[in-house]
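Enquirer: My structure is below; once you've seen it, I'll send some questions.
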Protein chains: 2
Amino acid sequence: MIAELICVGTELLMGQVLNTNAQYIAESLAPSGIDMYHQIVVGDNPKRLTEAVRIAFSRADCVIFSGGLGPTDDDLTKETVAAALGKDLVLYGEEWERIVSYFASKGRTVAPNNKKQAMFPSDAIILPNPNGTAPGCIMEANGKAAILLPGPPRELVPMFRDYAMPYLLKRSGHRLYSREVRIFGVGESDVAYRLDDLFKNQTNPTIATYAKTGEVTLRVTAQCFTEAEGEALVSPVLSAIRDELGDCVYDTNGRELAKVCHDALIESKQTLAVAESCTGGRLADAFINYPGSSAYFIEGDVTYSNDAKMRRLGVRRKTLDTVGAVSEECAREMAEGCRKHAGTDFALATTGYAGPDGGEPDKPVGTVFVALACAEGTLVKRLNLFGDRDRIRHSAMLHALDLLRRNICTK
Amino acid sequence: MIAELICVGTELLMGQVLNTNAQYIAESLAPSGIDMYHQIVVGDNPKRLTEAVRIAFSRADCVIFSGGLGPTDDDLTKETVAAALGKDLVLYGEEWERIVSYFASKGRTVAPNNKKQAMFPSDAIILPNPNGTAPGCIMEANGKAAILLPGPPRELVPMFRDYAMPYLLKRSGHRLYSREVRIFGVGESDVAYRLDDLFKNQTNPTIATYAKTGEVTLRVTAQCFTEAEGEALVSPVLSAIRDELGDCVYDTNGRELAKVCHDALIESKQTLAVAESCTGGRLADAFINYPGSSAYFIEGDVTYSNDAKMRRLGVRRKTLDTVGAVSEECAREMAEGCRKHAGTDFALATTGYAGPDGGEPDKPVGTVFVALACAEGTLVKRLNLFGDRDRIRHSAMLHALDLLRRNICTK
């Protein structure tokens with residue numbers, strides 16, 4: 001089956017909005033066996049949209065539209081597509097009632113032009129929109145289908161996931177089962193190299209790689225008829241990945257590194273404090289962004305100045321004067337001092353040169369020390385990170401999380 | 001002049017890459033008077049690409065391509081476009097030398113298939129690529145132009161900005177002058193309402209709105225022949241915006257809120273410490289992400305637990321027992337305690353309910369107090385924020401920055 005995407009919106013042509021919908025739909029379709037050969041962006045212009053619809057239906061079985069379902073005169077995707085398929089629009093009483101209640105629930109009164117949003121071809125399939133007023137719809141004609149979705153991602157994403165994708169899979173005779181493998185401590189090209197045979201020989205499930213700063217995610221997706229069949233297809237691939245990459249694989253259910261630590265701390269009823277120099281608050285932020293972090297997160301110390309390192313963490317002046325703030329000793333004293341005064345099971349510390357200026361001959365920009373203090377003792381790791389300031393700080397944070405993960409999750 | 005964009009890459013059709021190039025090019029063209037009516041994404045497939053080129057040249061004066069300039073057999077944009085325009089490719093000796101040296105400078109040897117990247121039509125305009133091996137090029141034919149750019153944004157963006165855009169402006173007879181107005185404390189719809197007349201009556205300069213969590217940016221762009229003429233056109237619009245929005249306008253040169261505070265602290269040689277509960281490290285992170293923040297940033301205390309608030313900041317137990325941690329009193333004691341022990345000119349504090357659970361009947365989720373302590377006394381502001389946990393924490397951070405900005409930058 002061939003699908004084509006038409007994103008309708010002058011705001012996309014003006015660059016006011018980044019087209020995240022196109023990526024979301026593309027990455028959802030990719031493993032399904034449904035091919036997409038074209039993505040089109042066109043403005044809210046009936047003539048050009050009609051032409052795009054004509055071209056798309058000449059080469060695709062199914063055309064997916066995003067945008068142009070709103071109440072204003074500019075919103076004309078539904079009208080244009082219906083006309084192109086030779087269909088008239090009629091008022092759906094039930095949908096109109098729903099729109100009126102939606103406005104009432106927000107304490108607003110509905111405007112007459114909102115009636116437009118309750119009009120569809122009489123044989124349309126309506127797609128509910130719990131996050132906005134404009135329902136989506138599917139129009140079928142001549143053995144082909146047009147799927148119309150609203151433009152705002154917070155409305156489009158759930159509607160595509162919950163209604164459009166199941167419709168497409170049903171049409172194509174498949175379902176999908178996916179698992180997300182998360183990896184830290186080995187780069188994307190190295191993952192590709194070490195898993196080369198696996199990548200090459202795999203048709204079902206497929207394996208897709210996604211890299212972001214310092215981390216690699218693999219999505220393993222099977223085409224299947226039942227979830228059990230999907231799990232049976234995916235499971236040996238997950239094992240093969242684990243066999244090759246060992247404990248660099250930190251989760252096979254798509255959790256982020258900080259979430260794995262968060263869950264492990266809650267489960268083991270242990271507490272944490274952090275002492276940050278170069279990461280400067282970012283490590284604390286990673287934990288506190290999860291609801292429930294108050295169960296274990298006692299305190300963070302952003303000791304960016306040497307004065308604060310001594311005063312707040314008890315780092316010794318001698319350490320700073322001899323080996324300096326960017327040193328194994330300083331990282332150790334930071335972690336131990338932090339753990340001691342916060343009275344926690346674990347304390348993490350970071351110190352390093354994030355750049356762009358600074359560094360020493362034997363400790364250039366990118367030199368970072370991360371430390372973990374716990375009852376059994378203190379571990380310190382020296383890192384040579386690269387990239388700009390933001391990237392070095394972000395990588396340092398991930399390495400600190402990974403140090404904790406490896407020493408809490410394996411207990 | 002009408003331009004069309006064709007992004008070439010199977011990785012876009014698979015959703016592995018977000019198409020930021022399309023937004024960048026679109027927002028660059030928007031104020032220039034050059035119209036873009038279509039953006040196309042197509043894979044590395046000669047037949048489909050040839051058809052897309054044919055359609056594009058049937059309706060546009062200039063077609064901009066991104067991607068497919070690499071050394072592999074899959075990269076065929078240049079070959080396909082040249083063929084469509086009836087041009088042959090020849091080896092450019094100078095470009096080949098440059099590619100060889102580029103590889104040498106990275107300590108690598110050049111592969112034979114890289115020669116492909118030094119081949120262009122004999123009458124092409126070569127666009128240098130300081131950030132990679134693949135030069136771009138412009139091919140002119142039949143009064144129309146094809147502009148070919150590499151796919152990676154770090155190569156495309158500078159090449160478009162420095163070579164393609166000037167070429168387009170020259171062809172269209174214009175240049176552009178832009179200023180970015182940054183606004184905090186008034187929402188996007190309110191900005192649109194209050195500046196309605198200005199928006200409506202403006203043709204040169206144009207005003208475009210960009211909103212991200214809690215902030216609004218206006219880009220004011222004039223079509224002009226000289227920079228002085230541009231400034232003369234833009235300047236009265238900036239004044240009109242300032243007149244209407246007052247001190248909610250915090251910069252007219254595109255600096256972020258944290259950067260405005262950062263610059264003001266450095267310039268005034270004053271120091272800062274922060275005490276964070278609900279923002280949990282994010283406020284410290286915002287400052288420390290700028291190089292040079294060590295000049296003023298002394299310390300951050302992430303006192304997420306009540307115990308840490310008392311132990312590290314001297315918040316009184318009575319305060320926590322009577323009015324609680326989310327209160328004006330607690331915010332005040334946090335800021336004053338932090339300023340006192342860190343010995344800084346300013347201290348910022350945040351405390352609030354970020355959700356999703358928690359809150360009290362008269363202090364629901366989204367209730368946040370931000371405080372600023374300085375020599376003159378302590379200011380506390382109560383906020384009612386909305387959104388999910390991440391959004392509430394982010395907004396709280398911005399409000400804390402804004403409180404500092406308003407009390408330092410006007411001195």
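Ordering of the structure tokens sets the chain letters (A, B, ...); residue numbers start at 1 within each chain; ligands are numbered from 1 in the order shown.
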Residues of chain A within 6 Å of chain B, using only C-alpha atoms, as number ranges by chain?
Expert: A: 13-15, 18, 23, 26-27, 30, 38-42, 280-282, 284-285, 288, 298-305
Enquirer: Mind listing the alpha helix (DSSP H) residues of stretch 107-318 of chain B, per DSSP on the backbone, as a PyMOL selection string?
Expert: chain B and resi 153-159+165-172+188-194+196-201+227-245+257-268+282-288+306-313+317-318
Enquirer: For A:Tyr92, find every residue with an atom within 8 Å (counting only C-alpha atoms), except residues of its own chain fewer than 2 positions away, and show them as a PyMOL selection string.
Expert: chain A and resi 90+94-96+118-120
Enquirer: Pick out the residues sitting within 10 Å of A:Asn142, and hand them over as a compact mmCIF listing (two decimals) with C-alpha atoms, in the first residue's frame; count only C-alpha atoms, and ignore anything fewer than 2 positions along from it in its own chain.
Expert:
# COMPACT_ATOMS: atom_id res chain seq x y z
CA ASP A 61 -3.76 4.46 -2.41
CA LEU A 85 -13.84 13.12 -4.45
CA GLU A 140 -13.40 6.55 0.96
CA LYS A 144 -8.86 4.80 -2.16
CA ALA A 145 -8.99 6.71 1.13
Enquirer: Find the residues near B:Pro130: any atom within 10 Å, counting only C-alpha atoms, skip ones fewer than 6 places away on the same chain, and give them as a list in words.
Expert: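 My list of contacting residues is Tyr102, Arg154, Glu155, Pro158 and Met159 of chain B.
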Enquirer: I'd like the interatomic distance between atom CA of A:Glu333 and atom CA of B:Gln270, to a tenth of an Å.
Expert: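 That distance, rounded to one decimal, is 28.9 Å.
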Enquirer: Excluding B:Cys374 and residues on its chain fewer than 6 positions from it, collect all residues at most 8 Å away from it, counting only C-alpha atoms, and give them as a ChimeraX atom specification.
Expert: /B:339,345-347
Enquirer: For B:Gly132, please output as a list in words all residues within 12 Å (counting only C-alpha atoms; exclusion window: fewer than 4 positions along the same chain).
Expert: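 The residues that qualify are Leu69, Gly70, Pro71, Arg98, Ile99, Val100, Ser101, Tyr102, Phe103, Ser105, Lys106, Asn114, Gln117, Leu127, Pro128, Gly136, Leu149, Pro150, Gly151, Pro152, Pro153, Arg154, Glu155, Leu156, Pro158 and Met159 of chain B.
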Enquirer: Write a file of the selected residues as a PDB file, in the first residue's frame, keeping N, CA and C atoms.
Expert:
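Okay, part.pdb is ready:
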ATOM      1  N   LEU B  69      23.754  15.235  -1.970  1.00  0.00           N
ATOM      2  CA  LEU B  69      25.007  15.682  -2.584  1.00  0.00           C
ATOM      3  C   LEU B  69      26.207  14.867  -2.098  1.00  0.00           C
ATOM      4  N   GLY B  70      25.950  13.828  -1.328  1.00  0.00           N
ATOM      5  CA  GLY B  70      27.030  13.036  -0.731  1.00  0.00           C
ATOM      6  C   GLY B  70      27.751  12.167  -1.753  1.00  0.00           C
ATOM      7  N   PRO B  71      28.715  11.353  -1.278  1.00  0.00           N
ATOM      8  CA  PRO B  71      29.564  10.576  -2.182  1.00  0.00           C
ATOM      9  C   PRO B  71      28.976   9.217  -2.590  1.00  0.00           C
ATOM     10  N   ARG B  98      40.357  20.703  -2.966  1.00  0.00           N
ATOM     11  CA  ARG B  98      39.825  21.167  -1.692  1.00  0.00           C
ATOM     12  C   ARG B  98      39.279  19.991  -0.860  1.00  0.00           C
ATOM     13  N   ILE B  99      38.621  19.073  -1.540  1.00  0.00           N
ATOM     14  CA  ILE B  99      38.069  17.906  -0.844  1.00  0.00           C
ATOM     15  C   ILE B  99      39.199  17.025  -0.313  1.00  0.00           C
ATOM     16  N   VAL B 100      40.246  16.855  -1.141  1.00  0.00           N
ATOM     17  CA  VAL B 100      41.401  16.057  -0.702  1.00  0.00           C
ATOM     18  C   VAL B 100      42.026  16.677   0.554  1.00  0.00           C
ATOM     19  N   SER B 101      42.195  18.012   0.537  1.00  0.00           N
ATOM     20  CA  SER B 101      42.796  18.673   1.714  1.00  0.00           C
ATOM     21  C   SER B 101      41.874  18.581   2.932  1.00  0.00           C
ATOM     22  N   TYR B 102      40.575  18.687   2.700  1.00  0.00           N
ATOM     23  CA  TYR B 102      39.637  18.604   3.825  1.00  0.00           C
ATOM     24  C   TYR B 102      39.814  17.261   4.535  1.00  0.00           C
ATOM     25  N   PHE B 103      39.880  16.181   3.758  1.00  0.00           N
ATOM     26  CA  PHE B 103      40.079  14.858   4.351  1.00  0.00           C
ATOM     27  C   PHE B 103      41.417  14.794   5.073  1.00  0.00           C
ATOM     28  N   SER B 105      43.083  17.160   6.436  1.00  0.00           N
ATOM     29  CA  SER B 105      43.059  17.956   7.673  1.00  0.00           C
ATOM     30  C   SER B 105      42.390  17.185   8.811  1.00  0.00           C
ATOM     31  N   LYS B 106      41.538  16.214   8.478  1.00  0.00           N
ATOM     32  CA  LYS B 106      40.897  15.390   9.511  1.00  0.00           C
ATOM     33  C   LYS B 106      41.667  14.087   9.717  1.00  0.00           C
ATOM     34  N   ASN B 114      34.484   9.976  -3.672  1.00  0.00           N
ATOM     35  CA  ASN B 114      34.326  11.388  -3.302  1.00  0.00           C
ATOM     36  C   ASN B 114      34.500  12.313  -4.513  1.00  0.00           C
ATOM     37  N   GLN B 117      31.735  14.414  -5.750  1.00  0.00           N
ATOM     38  CA  GLN B 117      31.359  15.671  -5.107  1.00  0.00           C
ATOM     39  C   GLN B 117      32.028  16.887  -5.738  1.00  0.00           C
ATOM     40  N   LEU B 127      28.942  26.756  -4.641  1.00  0.00           N
ATOM     41  CA  LEU B 127      28.713  27.337  -3.312  1.00  0.00           C
ATOM     42  C   LEU B 127      29.622  26.616  -2.311  1.00  0.00           C
ATOM     43  N   PRO B 128      30.582  27.337  -1.712  1.00  0.00           N
ATOM     44  CA  PRO B 128      31.535  26.697  -0.794  1.00  0.00           C
ATOM     45  C   PRO B 128      30.838  26.104   0.439  1.00  0.00           C
ATOM     46  N   GLY B 136      27.847  23.065  -2.555  1.00  0.00           N
ATOM     47  CA  GLY B 136      26.564  23.222  -3.216  1.00  0.00           C
ATOM     48  C   GLY B 136      26.785  23.844  -4.582  1.00  0.00           C
ATOM     49  N   LEU B 149      21.703  22.345  -2.280  1.00  0.00           N
ATOM     50  CA  LEU B 149      22.343  22.491  -0.971  1.00  0.00           C
ATOM     51  C   LEU B 149      22.497  21.117  -0.317  1.00  0.00           C
ATOM     52  N   PRO B 150      23.505  20.956   0.556  1.00  0.00           N
ATOM     53  CA  PRO B 150      23.656  19.674   1.246  1.00  0.00           C
ATOM     54  C   PRO B 150      22.550  19.479   2.293  1.00  0.00           C
ATOM     55  N   GLY B 151      22.327  18.243   2.718  1.00  0.00           N
ATOM     56  CA  GLY B 151      21.244  17.938   3.652  1.00  0.00           C
ATOM     57  C   GLY B 151      21.503  18.276   5.119  1.00  0.00           C
ATOM     58  N   PRO B 152      22.704  17.998   5.650  1.00  0.00           N
ATOM     59  CA  PRO B 152      22.900  18.245   7.098  1.00  0.00           C
ATOM     60  C   PRO B 152      22.718  19.729   7.442  1.00  0.00           C
ATOM     61  N   PRO B 153      21.854  20.039   8.428  1.00  0.00           N
ATOM     62  CA  PRO B 153      21.577  21.442   8.746  1.00  0.00           C
ATOM     63  C   PRO B 153      22.821  22.273   9.040  1.00  0.00           C
ATOM     64  N   ARG B 154      23.828  21.683   9.680  1.00  0.00           N
ATOM     65  CA  ARG B 154      25.026  22.482   9.982  1.00  0.00           C
ATOM     66  C   ARG B 154      25.812  22.848   8.733  1.00  0.00           C
ATOM     67  N   GLU B 155      25.560  22.164   7.619  1.00  0.00           N
ATOM     68  CA  GLU B 155      26.164  22.560   6.345  1.00  0.00           C
ATOM     69  C   GLU B 155      25.203  23.441   5.548  1.00  0.00           C
ATOM     70  N   LEU B 156      23.910  23.066   5.575  1.00  0.00           N
ATOM     71  CA  LEU B 156      22.922  23.800   4.779  1.00  0.00           C
ATOM     72  C   LEU B 156      22.710  25.231   5.277  1.00  0.00           C
ATOM     73  N   PRO B 158      24.535  27.581   7.033  1.00  0.00           N
ATOM     74  CA  PRO B 158      25.463  28.644   6.617  1.00  0.00           C
ATOM     75  C   PRO B 158      25.527  28.841   5.105  1.00  0.00           C
ATOM     76  N   MET B 159      25.409  27.751   4.337  1.00  0.00           N
ATOM     77  CA  MET B 159      25.481  27.889   2.882  1.00  0.00           C
ATOM     78  C   MET B 159      24.266  28.652   2.345  1.00  0.00           C
TER      79      MET B 159
END
Enquirer: I need the residues of stretch 29-218 of chain B that end up classed as strand (DSSP E or B) by DSSP on the backbone, written out as a ChimeraX atom specification.
Expert: /B:35-42,62-66,89-91,119-121,125-127,136-141,144-149,175-184,206-212,215-218
Enquirer: Quick check, in Å to one decimal: how far apart do atom CA of A:Ser327 and atom CA of A:Val370 lie?
Expert: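 One can read the atom CA of A:Ser327 to atom CA of A:Val370 distance as 9.6 Å.
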Enquirer: Would you work out the distance separating atom CA of B:Thr351 from atom CA of A:Leu404, expressed in Å to one decimal?
Expert: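 Going from atom CA of B:Thr351 over to atom CA of A:Leu404, I get 27.2 Å.
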Enquirer: Find the residue from A:Ile266, A:Leu245, A:Cys261, A:Val368 that sits nearest to A:Ala325; use only C-alpha atoms when measuring.
Expert: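 Counting only C-alpha atoms, the residue closest to A:Ala325 is A:Val368.
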